[in-house]
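Down below is the structure, laid out as structure tokens.
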2 protein chains.
Amino acid sequence: MELLGQSLIGASAVSGPEDDIAAIDMATGQPLAPRFSTSSERDLDRACALAEAAFDSYRDLPHERRAAFLEAIAQAILDIGDDLVVRCMAESGLPRARLEGERGRTVGQLRLFAGVVRDGGFLDVRIDPALPDRKPLPRPDLRLRNVPVGPVAVFGASNFPLAFSVAGGDTASALAAGCPVVAKAHSAHPGTSELVGRAVQKAVAACGLPEGVFSLLFDGGTAIGGALVAAPRIAAVGFTGSRRGGLALMQVAAARPEPIPVYAEMSSINPVILLPGALAARGAEIARGFVGALTLGAGQFCTNPGLILAVEGEGLQAFLDAAAAAVAEAPAATMLTPAIAAAYRDGVAALSGRAGVATLARGREGGPFQGRAALFATAADAFLADRALQDEIFGASSLVVRCRDAAQLEAVVAALEGQLTAALHLAEADHPLARRLLPRLERKVGRILVGGFGTGVEVSHAMVHGGPFPATSDGRTTSVGSLAVARFLRPVCYQDLPDALLPASLRDGNPLGLSRRLDGRIAPAGA
Amino acid sequence: MELLGQSLIGASAVSGPEDDIAAIDMATGQPLAPRFSTSSERDLDRACALAEAAFDSYRDLPHERRAAFLEAIAQAILDIGDDLVVRCMAESGLPRARLEGERGRTVGQLRLFAGVVRDGGFLDVRIDPALPDRKPLPRPDLRLRNVPVGPVAVFGASNFPLAFSVAGGDTASALAAGCPVVAKAHSAHPGTSELVGRAVQKAVAACGLPEGVFSLLFDGGTAIGGALVAAPRIAAVGFTGSRRGGLALMQVAAARPEPIPVYAEMSSINPVILLPGALAARGAEIARGFVGALTLGAGQFCTNPGLILAVEGEGLQAFLDAAAAAVAEAPAATMLTPAIAAAYRDGVAALSGRAGVATLARGREGGPFQGRAALFATAADAFLADRALQDEIFGASSLVVRCRDAAQLEAVVAALEGQLTAALHLAEADHPLARRLLPRLERKVGRILVGGFGTGVEVSHAMVHGGPFPATSDGRTTSVGSLAVARFLRPVCYQDLPDALLPASLRDGNPLGLSRRLDGRIAPAGA
């Protein structure tokens with residue numbers, strides 16, 4: 001499929017004034033054709049106006065049609081065929097197997113949200129029937145449903161060019177909620193973005209939807225992204241990226257005449273906590289699993305295990321020896337962009353020069369755009385004294401914090417910033433200590449796991465990919481899993497409306513067969 | 001009961017350095033004894049430290065004990081007896097019947113949230129069981145529940161000294177969620193606040209809870225309130241008050257190193273939309289109902305009908321004549337504070353001097369702290385050209401906007417800011433127009449009602465007392481009704497935890513008998 005290098009504004013493809021964006025082939029360092037033009041302010045305004053114009057009819061579609069649309073996007077992405085994988089490999093430096101897996105995940109997310117739409121539970125329908133004879137005052141008839149917030153801006157992420165980008169989780173959940181999407185492509189993978197964007201465009205047309213349901217903007221810098229968050233018609237923002245980028249968008253959103261929510265997933269070092277019983281029983285085995293998770297995808301996961309916490313002792317030494325040996329064997333891996341590779345190199349250099357930080361191992365050397373794994377260690381006293389040791393280094397770098405005893409381990413956990421995940425490795429004898437740690441961890445993270453690592457985020461109903469600041473801008477939400485749809489909904493109450501004016505979801509007789517709360521109690525679907 | 005004029009810090013009562021707050025007896029304009037001292041920074045720090053210390057054990061209480069605590073607060077408020085009503089009448093200028101009703105509502109809210117806690121549905125338990133044989137990768141065991149966010153700051157409101165103040169809806173919903181509360185009394189009714197605060201303190205002790213579950217601060221200005229929102233241990237804020245006050249708190253919260261959510265209910269003029277069929281059938285009757293709602297409680301409701309929208313025609317004139325006559329008869333009513341009475345006077349004077357605004361009627365004259373009802377009219381063209389005509393005037397003032405035709409009515413609705421409520425008065429012939437208006441209204445308001453007025457907010461499961469900015473800072477939430485508890489919760493996912501380490505709500509066998517989602521499907525309680 002030939003690439004156009006153009007913005008997708010509703011059903012059109014539009015060139016901007018200058019072709020100023022080129023993806024880099026990460027295998028060669030050379031620019032990839034074609035060049036893409038940054039969207040103009042006019043393109044942005046038109047995308048937002050179309051989204052606004054499409055909103056009422058899109059949100060009013062029967063659920064079955066909205067679900068079929070999500071499935072049509074999934075199919076259209078698959079229909080691109082291998083061109084998508086090949087282009088994405090070149091732009092991202094990620095290997096084929098990973099990208100084929102990520103494509104499967106992207107398609108799976110869209111289908112999961114089709115199921116969410118069909119189920120209708122996201123409407124959270126509540127009905128408190130009128131009590132005309134209640135004293136001292138009658139109760140009116142009250143009915144609640146969630147409605148979509150309005151057009152949503154979605155920012156593509158560098159590290160998941162498919163699953164967290166143009167038709168990734170933010171887009172799928174916003175469309176499922178009933179919100180048109182104006183996406184901003186990540187400048188590192190514009191070709192991948194265009195291919196996916198055109199698949200969405202095709203699904204919009206095939207499903208007979210208003211064109212404004214989806215647009216795709218390009219930006220070599222940050223001006224269009226900032227303007228998109230400031231645009232009056234945008235009602236919410238989804239973002240996955242750096243802390244600096246997320247904070248900048250939060251500030252733009254808070255400074256609007258009408259502030260809007262920004263769901264930014266930003267920065268997390270995902271502590272892995274090794275308890276003494278587990279270390280004694282299987283320190284070396286845990287180390288091998290850890291280094292596998294650390295180096296997966298060149299360490300470029302939001303859930304990468306960047307911090308290891310453990311209590312001093314024999315078990316810890318066995319872990320460290322095995323982990324150092326595995327890191328030393330780890331091949332260098334191509335990173336997503338030249339800038340990310342450089343930032344990784346700088347971050348590792350800075351950490352290795354920090355007072356009290358020892359370098360335990362480095363992975364094999366590689367090319368200029370490749371990252372070498374890195375393992376560091378420090379004492380908990382030093383860690384507690386130096387907040388900078390909590391800064392995320394995006395890539396396959398991890399820091400082991402050696403704690404004097406369990407009490408110091410607890411103090412380190414209490415001093416952590418918000419995180420996406422925390423992993424515990426434990427044996428039965430560790431349960432009492434784990435019970436003391438769990439309440440602390442619950443306050444710090446979105447997901448607590450035992451016996452594994454945070455990499456590998458299941459897309460399901462009970463998943464939380466979120467967590468307190470700075471892991472995300474809004475720890476009350478998740479960006480992965482069916483609960484992600486809640487970010488783009490708000491409740492509206494209807495009081496004493498004649499049945500003929502009520503939305504179908506709230507009508508007497510439950511014509512949509514939804515699960516609804518009657519006087520606060522869940523009534524099964526169809527009741 | 002004798003008043004101390006002191007802050008309540010956990011189980012203690014503490015005097016500040018200066019007695020600088022005095023309530024005003026609104027009947028006489030004279031200060032009421034005793035004087036209250038502004039809390040010191042030290043009191044604030046100690047209240048927050050106690051709240052933090054109490055958090056883990058409070059949130060871990062069996063639901064039955066948490067529910068019993070909410071009921072004990074309700075009973076302790078009733079146990080104050082008539083002293084509470086008498087003091088509150090003096091401080092607020094509100095009449096006995098209103099305050100007895102508000103006390104009943106406050107007690108009812110606490111009891112509703114006790115039911116919410118017992119039900120356990122607020123935990124939103126989701127379980128996706130492990131699929132060890134899934135290809136290409138097994139699925140881990142994933143379980144989700146909501147956890148409380150942490151200590152919550154609650155600001156008392158001037159206009160509901162009981163139901164939106166020290167033990168009002170924000171406090172009840174935060175405590176139900178499992179969050180300790182640090183309340184800041186409104187300086188207009190410190191005596192009422194102390195009485196209620198001591199009732200909560202008593203319930204904390206009677207239920208054997210850690211003292212930090214509740215503290216009460218006083219502030220004559222804004223310094224302690226601002227410091228409370230900035231305090232590192234505070235995790236969320238509930239506020240009902242002015243737009244200026246809410247915006248100031250939002251800014252403090254956004255500027256924190258770790259931003260936190262502020263749930264501010266601020267400013268709403270609650271449009272009442274009179275459709276032609278309803279006007280023709282019963283214009284004069286609607287007018288009488290409207291003036292009753294307008295003048296209720298001296299117009300000092302968040303849901304006061306401050307804006308009437310109607311299409312020109314005979315029916316409108318009948319409404320205007322009857323409304324003007326009823327307003328002219330309306331007695332002056334004592335307002336909440338001298339400052340509010342002055343602001344109302346200034347707001348009415350400014351509106352009456354605005355280009356294109358005609359004064360239709362004024363209510364009877366009254367004393368210096370009394371408000372005279374006011375009814376104004378303007379043409380839709382003038383309204384659309386002057387954003388200031390949408391500014392809330394807190395009190396019994398309303399503006400009628402005369403629209404040329406239905407299309408202009410739609411344009412006016414589209415130009416409105418976010419609102420708590422919108423009321424439609426309609427006849428069957430008006431349904432087509434109502435159907436066009438409803439999607440617009442859904443985007444602007446938290447509650448749409450037919451045939452009534454927004455005053456009178458039911459406390460139930462399907463209520464939404466919220467709405468897009470500036471009605472509130474966060475239109476995804478409600479501050480009234482059982483859904484209010486969601487503001488103080490966030491989801492946590494537990495992956496592959498041994499059953500022994502899981503919270504009871506998530507354990508195999510469902511020991512708490514909760515309604516839970518299995519693979520996304522609701523399983524009835526006890527399953």
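Ordering of the structure tokens sets the chain letters (A, B, ...), residue numbers begin anew at 1 in every chain, and ligands are numbered from 1 in the order given.
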Using only C-alpha atoms, which residues sit within 9 Å of segment 416-426 of chain A once same-chain residues fewer than 4 positions away are excluded, as a PyMOL selection string?
-> chain A and resi 265+267-279+286+302-303+305+390+411-412+430-431+434+441+443-454+464-472+475
Residues of chain A no more than 6 Å from chain B, counting only C-alpha atoms: send them over as a ChimeraX atom specification.
-> /A:126-128,142-144,446-450,461-464,476,490,492-497,520
Serialized selection, N, CA, C and O atoms, as a CSV table (one decimal), in the first residue's frame:
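File out_9.csv, as written:
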chain,number,residue,atom,x,y,z
A,126,ARG,N,-29.2,3.1,36.3
A,126,ARG,CA,-29.8,3.1,37.6
A,126,ARG,C,-31.2,3.7,37.5
A,126,ARG,O,-31.4,4.7,37.0
A,127,ILE,N,-32.1,3.0,38.1
A,127,ILE,CA,-33.5,3.5,38.2
A,127,ILE,C,-34.0,3.5,39.6
A,127,ILE,O,-34.0,2.5,40.2
A,128,ASP,N,-34.4,4.7,40.1
A,128,ASP,CA,-35.1,4.8,41.3
A,128,ASP,C,-36.5,5.2,41.0
A,128,ASP,O,-36.8,6.4,40.7
A,142,LEU,N,-36.4,8.8,39.0
A,142,LEU,CA,-35.0,9.2,38.7
A,142,LEU,C,-34.3,8.0,37.9
A,142,LEU,O,-34.4,6.9,38.3
A,143,ARG,N,-33.7,8.4,36.8
A,143,ARG,CA,-33.0,7.3,36.0
A,143,ARG,C,-31.7,7.9,35.6
A,143,ARG,O,-31.6,9.0,35.1
A,144,LEU,N,-30.7,7.1,35.7
A,144,LEU,CA,-29.3,7.5,35.4
A,144,LEU,C,-28.7,6.6,34.3
A,144,LEU,O,-28.9,5.4,34.3
A,446,GLY,N,-1.1,0.5,40.6
A,446,GLY,CA,-2.3,0.1,40.0
A,446,GLY,C,-2.5,-1.4,40.0
A,446,GLY,O,-3.6,-1.9,39.9
A,447,ARG,N,-1.3,-2.2,40.0
A,447,ARG,CA,-1.4,-3.6,39.9
A,447,ARG,C,-0.3,-4.2,40.7
A,447,ARG,O,0.8,-3.8,40.7
A,448,ILE,N,-0.7,-5.2,41.6
A,448,ILE,CA,0.2,-5.9,42.4
A,448,ILE,C,0.3,-7.3,41.9
A,448,ILE,O,-0.8,-7.9,41.7
A,449,LEU,N,1.5,-7.8,41.6
A,449,LEU,CA,1.5,-9.2,41.1
A,449,LEU,C,2.5,-10.0,41.9
A,449,LEU,O,3.5,-9.5,42.5
A,450,VAL,N,2.2,-11.3,42.0
A,450,VAL,CA,3.1,-12.2,42.7
A,450,VAL,C,3.7,-13.2,41.8
A,450,VAL,O,3.0,-13.8,40.9
A,461,HIS,N,-11.1,-7.8,31.9
A,461,HIS,CA,-12.0,-6.9,32.7
A,461,HIS,C,-11.4,-6.5,34.0
A,461,HIS,O,-11.8,-5.5,34.5
A,462,ALA,N,-10.5,-7.3,34.5
A,462,ALA,CA,-10.0,-7.0,35.9
A,462,ALA,C,-8.6,-6.4,35.8
A,462,ALA,O,-8.0,-6.2,36.9
A,463,MET,N,-8.2,-6.0,34.6
A,463,MET,CA,-6.8,-5.4,34.5
A,463,MET,C,-6.9,-3.9,35.0
A,463,MET,O,-7.9,-3.2,34.7
A,464,VAL,N,-5.8,-3.5,35.6
A,464,VAL,CA,-5.6,-2.0,35.9
A,464,VAL,C,-4.2,-1.7,35.3
A,464,VAL,O,-3.2,-2.2,35.8
A,476,ARG,N,-7.3,7.1,39.3
A,476,ARG,CA,-8.7,6.5,39.4
A,476,ARG,C,-9.0,5.7,38.2
A,476,ARG,O,-10.2,5.2,38.1
A,490,ARG,N,-19.6,10.1,31.5
A,490,ARG,CA,-20.1,10.9,32.7
A,490,ARG,C,-21.6,10.6,32.9
A,490,ARG,O,-22.3,10.3,31.9
A,492,VAL,N,-25.5,11.1,33.7
A,492,VAL,CA,-26.6,12.1,33.6
A,492,VAL,C,-27.9,11.5,34.2
A,492,VAL,O,-28.1,10.3,34.0
A,493,CYS,N,-28.6,12.3,35.0
A,493,CYS,CA,-29.8,11.8,35.6
A,493,CYS,C,-31.0,12.4,34.9
A,493,CYS,O,-31.0,13.6,34.5
A,494,TYR,N,-32.0,11.6,34.7
A,494,TYR,CA,-33.2,12.1,34.0
A,494,TYR,C,-34.4,11.9,35.0
A,494,TYR,O,-34.6,10.9,35.6
A,495,GLN,N,-35.0,13.1,35.3
A,495,GLN,CA,-36.0,13.1,36.4
A,495,GLN,C,-37.4,13.3,35.7
A,495,GLN,O,-37.6,14.3,35.1
A,496,ASP,N,-38.3,12.4,36.0
A,496,ASP,CA,-39.7,12.5,35.6
A,496,ASP,C,-39.9,12.7,34.1
A,496,ASP,O,-40.8,13.4,33.6
A,497,LEU,N,-39.0,12.1,33.3
A,497,LEU,CA,-39.1,12.2,31.8
A,497,LEU,C,-40.2,11.3,31.4
A,497,LEU,O,-40.3,10.1,31.8
A,520,GLY,N,-30.9,0.7,43.6
A,520,GLY,CA,-29.6,0.4,44.0
A,520,GLY,C,-29.2,-1.0,43.9
A,520,GLY,O,-28.0,-1.4,44.1
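Look at Ala33 of chain B: the protein and nucleic acid residues within 9 Å of it, using only C-alpha atoms and passing over chain neighbours fewer than 6 places away, are B:Leu3, B:Gly5, B:Ala22, B:Ala23, B:Gly191.
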Please save all heavy atoms of the selected residues as a compact mmCIF listing (two decimals), in the first residue's frame.
# COMPACT_ATOMS: atom_id res chain seq x y z
N LEU B 3 -20.43 25.57 73.66
CA LEU B 3 -19.47 25.58 72.56
C LEU B 3 -18.11 25.99 73.07
O LEU B 3 -17.98 26.85 73.96
CB LEU B 3 -19.93 26.57 71.48
CG LEU B 3 -21.20 26.16 70.73
CD1 LEU B 3 -21.72 27.30 69.88
CD2 LEU B 3 -20.93 24.93 69.88
N GLY B 5 -15.33 26.71 70.80
CA GLY B 5 -14.61 27.60 69.89
C GLY B 5 -13.25 27.07 69.51
O GLY B 5 -12.34 27.84 69.18
N ALA B 22 -16.07 35.01 64.42
CA ALA B 22 -17.35 35.05 65.13
C ALA B 22 -18.47 34.91 64.12
O ALA B 22 -18.47 35.58 63.07
CB ALA B 22 -17.49 36.37 65.89
N ALA B 23 -19.41 34.04 64.43
CA ALA B 23 -20.60 33.97 63.59
C ALA B 23 -21.45 35.20 63.84
O ALA B 23 -21.37 35.83 64.89
CB ALA B 23 -21.38 32.70 63.93
N GLY B 191 -20.40 27.49 64.99
CA GLY B 191 -21.03 26.82 66.11
C GLY B 191 -21.73 25.54 65.65
O GLY B 191 -21.59 24.47 66.27
Atom CA of Gln408 of chain A and atom CA of Gly353 of chain A, how far apart in Å?
-> 24.3 Å
Run DSSP on the backbone and give me the residues of segment 290-483 of chain A it puts in helix (DSSP H, G or I), as a VMD selection string.
-> chain A and resid 290 to 299 314 to 329 338 to 352 380 to 385 387 to 390 406 to 415 428 to 444 482 to 483
Which residues, written as a count of residues only, have at least one atom at most 7 Å from Ser173 of chain B, with only C-alpha atoms counted and residues fewer than 6 positions away on the same chain left out?
-> 3
All strand (DSSP E or B) residues (DSSP, backbone) inside segment 69-304 of chain B, as a ChimeraX atom specification = /B:126-128,131,139,142-148,152-155,181-184,214-217,236-240,262-265,271-274
Compile the contact shell of Glu365 of chain B as a ChimeraX atom specification: residues with an atom at most 8 Å away, counting only C-alpha atoms, same-chain residues fewer than 3 positions apart removed.
-> /B:331-332,371-372
Near Ala284 of chain A, counting only C-alpha atoms, which residues have an atom at most 8 Å away, once you skip same-chain residues fewer than 6 positions from it, shown as a ChimeraX atom specification?
-> /A:318-323
Shell around Ile9 of chain A at 9 Å using only C-alpha atoms, local window under 3 positions removed, as a PyMOL selection string | chain A and resi 12-14+43-44+46-47+50+182+211-212+214-217
